[in-house]
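Everything on this sheet refers to the single structure shown next.
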Amino acid sequence: MSQVIAAIPSLFTMESIIGLVVGVVGGMVIGALPGLSATMGIAVLIPVTYGMDPTAALIMLSSIYTSAVYGGSISAILIHTPGTPSSAATCLDGYPMTQKGEALHAMGVSTTSSCFGGFCSAIALLLIAPPLAKLSLRFSSSEYFLIAIFGLTLISSLSSGNMLKGMLGGCVGLVTGLIGITPDGVARLTFKKMALLGGIPLVPAIIGLFSISQVMTQAEERGMNTLTVKKEMAELKGRFLPPWKEWCAMFPLILKCTFVGILIGILPGAGGDIASWVGLNLAKNGSKHPELFGTGIPEGVAAPESANNAVTGGALIPLLTLGIPGSSTAAVLLGGLTIHGLQPGWKLFSEQAEITYAVILGFMFSNILMGFVGWGICRYVCQVSKVPIPLLLPCITVFSMLGAFASNQNMTNVWTALIFGLIGYFMRKYGLPVAPTVLALILGPMADSHWYQANRMQMGKQGTMWNYMIHRPISVFIMFLIVLALFAPVISAFISKKWEEKFGKVTAEAAEDI
Amino acid sequence: MVKTRKQDLVIGIVMDLIVVFCYVNTKKLPEASKQFTNIVLLATFALSTALIIYSIVKKAVPFGDEVDIKVFKNPLLAFVIITIYVLLMDKIGFFVSSAMFMVAFAFWMGYRKWVPLACTVVGMLGFVYVLFPLMLHVPLPGGLLF
């Protein structure tokens with residue numbers, strides 16, 4: 001508690017406040033722009049933080065994260081175009097509400113639910129992260145190795161599409177992560193190139209995989225009418241905040257979805273898109289009138305919005321404590337952390353506690369500020385989705401190249417971003433998800449170095465590496481989690497089948513109706 | 001038109017070839033470094049081989065949508081334009097090359113409104129100039145012109 005209080009002055013510096021406001025407004029604009037996700041926004045804006053104080057920089061980046069997730073719902077509700085993948089579920093009831101003349105009401109429900117979900121996840125982060133980071137002190141290399149494997153198993157099994165291609169997407173990241181110096185100091189797959197000795201630089205690779213590949217994907221629409229189609233925005237009239245009675249009636253659902261969102265956020269690889277569909281499922285299955293979903297009811301907006309914003313704080317828990325990103329956006333944030341000289345783990349909550357707690361408090365405030373800013377500017381933010389794509393794409397490219405260059409101030413990084421852009425584009429086209437690649441690019445080298453260290457540690461003892469691991473209770477527990485994660489798709493399919501038999505189908509496939 | 005099964009087969013074969021290439025180039029590594037490398041390569045080989053088998057088995061349901069090769073034309077042209085931009089960045093500097101790139105790319109995409117385009121280029125590069133070299137003291141690639 002004393003550390004939290006000690007961090008308050010760092011939060012109220014001019015630089016931190018500017019970072020907070022810029023992050024909230026910028027995130028909202030990025031989120032509202034279809035084709036720009038929170039991940040891409042943070043990847044492109046990391047260079048803006050290079051010269052900033054670490055506290056202000058990380059407050060800005062975490063604010064962009066939560067605000068972009070909310071921003072996606074603005075265009076989903078008002079113009080029927082999800083700004084981010086996590087707001088696709090919101091379209092199903094949000095836009096019908098707009099069509100019924102309840103656009104401002106839908107925005108109010110979305111804003112309050114998002115703020116509540118995000119704020120609760122920030123509290124969860126504040127309460128869960130420090131003890132978990134302390135627990136990590138008991139972890140030796142074998143546990144860290146197994147944690148990395150657990151993360152890799154989950155990202156593959158929870159990736160969108162099918163498991164095999166998800167795992168192959170992860171393998172692309174793992175193989176790429178092999179490039180560089182091995183833990184015992186030998187050059188591996190560097191082909192005598194000095195630039196490859198340090199391994200593949202993370203930030204340029206992420207910029208390439210997310211931003212450049214997206215520019216290439218959007219270029220497919222060159223010459224088509226979709227680039228110039230202007231969607232009409234509904235008139236925003238009436239009351240913004242939902243009536244107290246309605247809010248109280250929805251509160252148990254919002255609370256349930258928030259809890260689920262936090263849990264999904266903690267799981268590596270599962271992001272806001274999964275959480276919002278699970279939230280919508282929960283709402284429909286728990287409702288007395290499931291047939292009304294899709295016709296424009298506030299519950300259909302509140303459930304996905306509280307769940308997807310709750311993911312943000314949840315995803316930061318394994319990131320700050322164990323260095324395992326809970327989502328692809330958190331993976332990009334890890335790049336931001338390392339650039340500012342911060343290493344995840346107990347050190348963040350002891351030696352660097354002032355920065356860490358200030359960032360967590362800033363994240364909490366950003367969720368509140370998001371509500372006020374959203375209230376004030378949602379109708380204007382929506383206008384940005386009308387920016388012509390041919391003007392937007394060169395701006396994204398220039399910023400991406402700038403980000404890649406500024407991360408280490410050399411042209412090798414720019415070429416890295418370009419090559420990964422091409423790889424990312426073909427991966428997308430051939431159905432290999434890029435999110436597992438990024439996470440594997442982070443977790444692979446982590447697993448490699450801890451595997452090496454664990455091997456060294458057990459060398460003095462009798463038996464094999466396996467023997468060494470099964471005599472450590474925490475290792476055995478993580479192994480159990482790995483087995484569970486491997487069977488997760490089978491368990492999940494079984495549960496889905498049972499739910500569908502009982503309640504009918506509400507899944508991402510419903511997005512096809514959008 | 002590339003059939004989905006055929007594209008899965010291509011992915012599997014390409015991945016297997018990459019694994020073989022990496023294996024050959026890591027054969028001489030010391031034993032301690034080779035262990036993890038081999039685990040990763042073996043896992044990748046097993047999964048990509050599984051994809052090949054899956055794509056050959058006729059009864060298997062294809063993964064994902066079919067990809068029309070024609071759609072690659074514009075993205076690859078975009079990639080070429082970006083590559084030229086990066087090459088120019090190193091030679092004539094960030095600001096001049098970026099201005100040229102933004103105009104060329106927007107024009108190539110079919111945008112013909114010159115006033116908004118000029119405003120975007122000036123606004124964007126002005127913002128970058130104020131933020132990076134002036135405020136954050138981050139040097140950007142210089143060149144012959146600026």
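Chain identifiers are assigned as A, B, and so on, following the order in which chains appear in the structure tokens; residues are numbered from 1 within each chain, and ligands are numbered from 1 in order of appearance.
Near chain B, the residues of chain A that fall inside 6 Å (using only C-alpha atoms) are Gly51, Cys171, Met216, Ala219, Glu220, Arg222, Pro390, Leu391 and Pro394 of chain A.
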Just write the chosen residues, N, CA and C atoms, as a PDB file, in the first residue's frame.
ATOM      1  N   GLY A  51      11.611   9.348 -26.285  1.00  0.00           N
ATOM      2  CA  GLY A  51      12.251  10.416 -25.515  1.00  0.00           C
ATOM      3  C   GLY A  51      11.503  10.750 -24.234  1.00  0.00           C
ATOM      4  N   CYS A 171       5.061 -21.719 -34.611  1.00  0.00           N
ATOM      5  CA  CYS A 171       6.355 -22.289 -35.024  1.00  0.00           C
ATOM      6  C   CYS A 171       7.159 -21.300 -35.874  1.00  0.00           C
ATOM      7  N   MET A 216      -0.594  -3.767 -46.885  1.00  0.00           N
ATOM      8  CA  MET A 216      -0.633  -4.595 -48.097  1.00  0.00           C
ATOM      9  C   MET A 216      -2.016  -5.210 -48.294  1.00  0.00           C
ATOM     10  N   ALA A 219      -4.286  -2.687 -49.601  1.00  0.00           N
ATOM     11  CA  ALA A 219      -3.975  -2.337 -51.000  1.00  0.00           C
ATOM     12  C   ALA A 219      -4.710  -3.233 -51.980  1.00  0.00           C
ATOM     13  N   GLU A 220      -5.182  -4.387 -51.491  1.00  0.00           N
ATOM     14  CA  GLU A 220      -5.965  -5.282 -52.358  1.00  0.00           C
ATOM     15  C   GLU A 220      -7.200  -4.559 -52.902  1.00  0.00           C
ATOM     16  N   ARG A 222      -7.492  -1.609 -53.951  1.00  0.00           N
ATOM     17  CA  ARG A 222      -7.185  -0.505 -54.868  1.00  0.00           C
ATOM     18  C   ARG A 222      -8.147  -0.534 -56.062  1.00  0.00           C
ATOM     19  N   PRO A 390      -6.920   5.687 -49.075  1.00  0.00           N
ATOM     20  CA  PRO A 390      -5.689   6.036 -49.812  1.00  0.00           C
ATOM     21  C   PRO A 390      -4.842   7.099 -49.107  1.00  0.00           C
ATOM     22  N   LEU A 391      -5.458   7.906 -48.246  1.00  0.00           N
ATOM     23  CA  LEU A 391      -4.679   8.898 -47.477  1.00  0.00           C
ATOM     24  C   LEU A 391      -4.119   8.270 -46.211  1.00  0.00           C
ATOM     25  N   PRO A 394      -0.596   5.599 -46.671  1.00  0.00           N
ATOM     26  CA  PRO A 394       0.777   6.133 -46.652  1.00  0.00           C
ATOM     27  C   PRO A 394       1.174   6.673 -45.288  1.00  0.00           C
TER      28      PRO A 394
END
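The spacing separating atom CA of A:Gly345 from atom CA of B:Asn38 amounts to 28.8 Å.
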Do a neighbour search on A:Gln458 at 12 Å with only C-alpha atoms, toss out local chain neighbours closer than 5 positions, and write the hits as a PDB file with C-alpha atoms, in the first residue's frame.
ATOM      1  CA  SER A 140      13.739 -21.352 -11.154  1.00  0.00           C
ATOM      2  CA  SER A 141      14.706 -21.794 -14.789  1.00  0.00           C
ATOM      3  CA  SER A 142      12.735 -25.028 -15.140  1.00  0.00           C
ATOM      4  CA  TRP A 451      15.994 -24.572 -20.978  1.00  0.00           C
ATOM      5  CA  TYR A 452      19.742 -24.038 -21.177  1.00  0.00           C
ATOM      6  CA  GLN A 453      19.969 -22.775 -17.585  1.00  0.00           C
ATOM      7  CA  GLY A 463      19.162 -38.059 -13.315  1.00  0.00           C
ATOM      8  CA  THR A 464      17.728 -36.394 -16.350  1.00  0.00           C
ATOM      9  CA  MET A 465      16.083 -33.032 -16.934  1.00  0.00           C
ATOM     10  CA  TRP A 466      12.714 -34.762 -16.642  1.00  0.00           C
ATOM     11  CA  ASN A 467      13.653 -36.150 -13.205  1.00  0.00           C
ATOM     12  CA  TYR A 468      14.751 -32.695 -12.129  1.00  0.00           C
ATOM     13  CA  MET A 469      11.447 -31.164 -13.160  1.00  0.00           C
ATOM     14  CA  ILE A 470       9.110 -33.731 -11.642  1.00  0.00           C
ATOM     15  CA  HIS A 471      10.753 -33.268  -8.264  1.00  0.00           C
ATOM     16  CA  ARG A 472       9.745 -29.627  -8.214  1.00  0.00           C
TER      17      ARG A 472
END
*What lies within 12 Å of A:Leu441 using only C-alpha atoms, ignoring chain neighbours under 5 positions off, as a PyMOL selection string?*
chain A and resi 148+151-152+155+169-179+199-203+205-206+209+324-325+328+331-332+334-335+434-436+446-448
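The two atoms in question, atom CA of A:Met28 and atom CA of A:Ser67, are spaced 5.1 Å apart.
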_Taking 5 positions as the minimum chain separation for residues in the same chain, which residues sit within 8 Å of A:Ser366 when counting only C-alpha atoms? Answer as JSON, numbers by chain._
{"A": [20, 21, 24, 63, 66, 67]}
*Selected residue of minimal separation from B:Pro133 among A:Leu402, A:Ala103, A:Ile389, A:Tyr430, counting only C-alpha atoms*: A:Leu402
_I need the residue nearest B:Gly93 from this list: B:Val20, B:Gly142, B:Thr49, B:Val57. Use only C-alpha atoms for the distance._
B:Gly142
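Interatomic distance, atom CA of A:Ile482 against atom CA of A:Tyr144: 12.8 Å.
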*Non-local contacts of stretch 86-100 of chain A (8 Å; only C-alpha atoms; under 2 positions in same chain excluded) as a ChimeraX atom specification*: /A:69-70,72-73,76-84,102-104,106,234,271-277,280,293-298,300-301,304-305,308,508,511,514
*From a DSSP pass on the backbone, collect the residues of chain B flagged as helix (DSSP H, G or I) and hand them back as a PyMOL selection string.*
chain B and resi 4-26+31-56+69-92+94-108+114-136
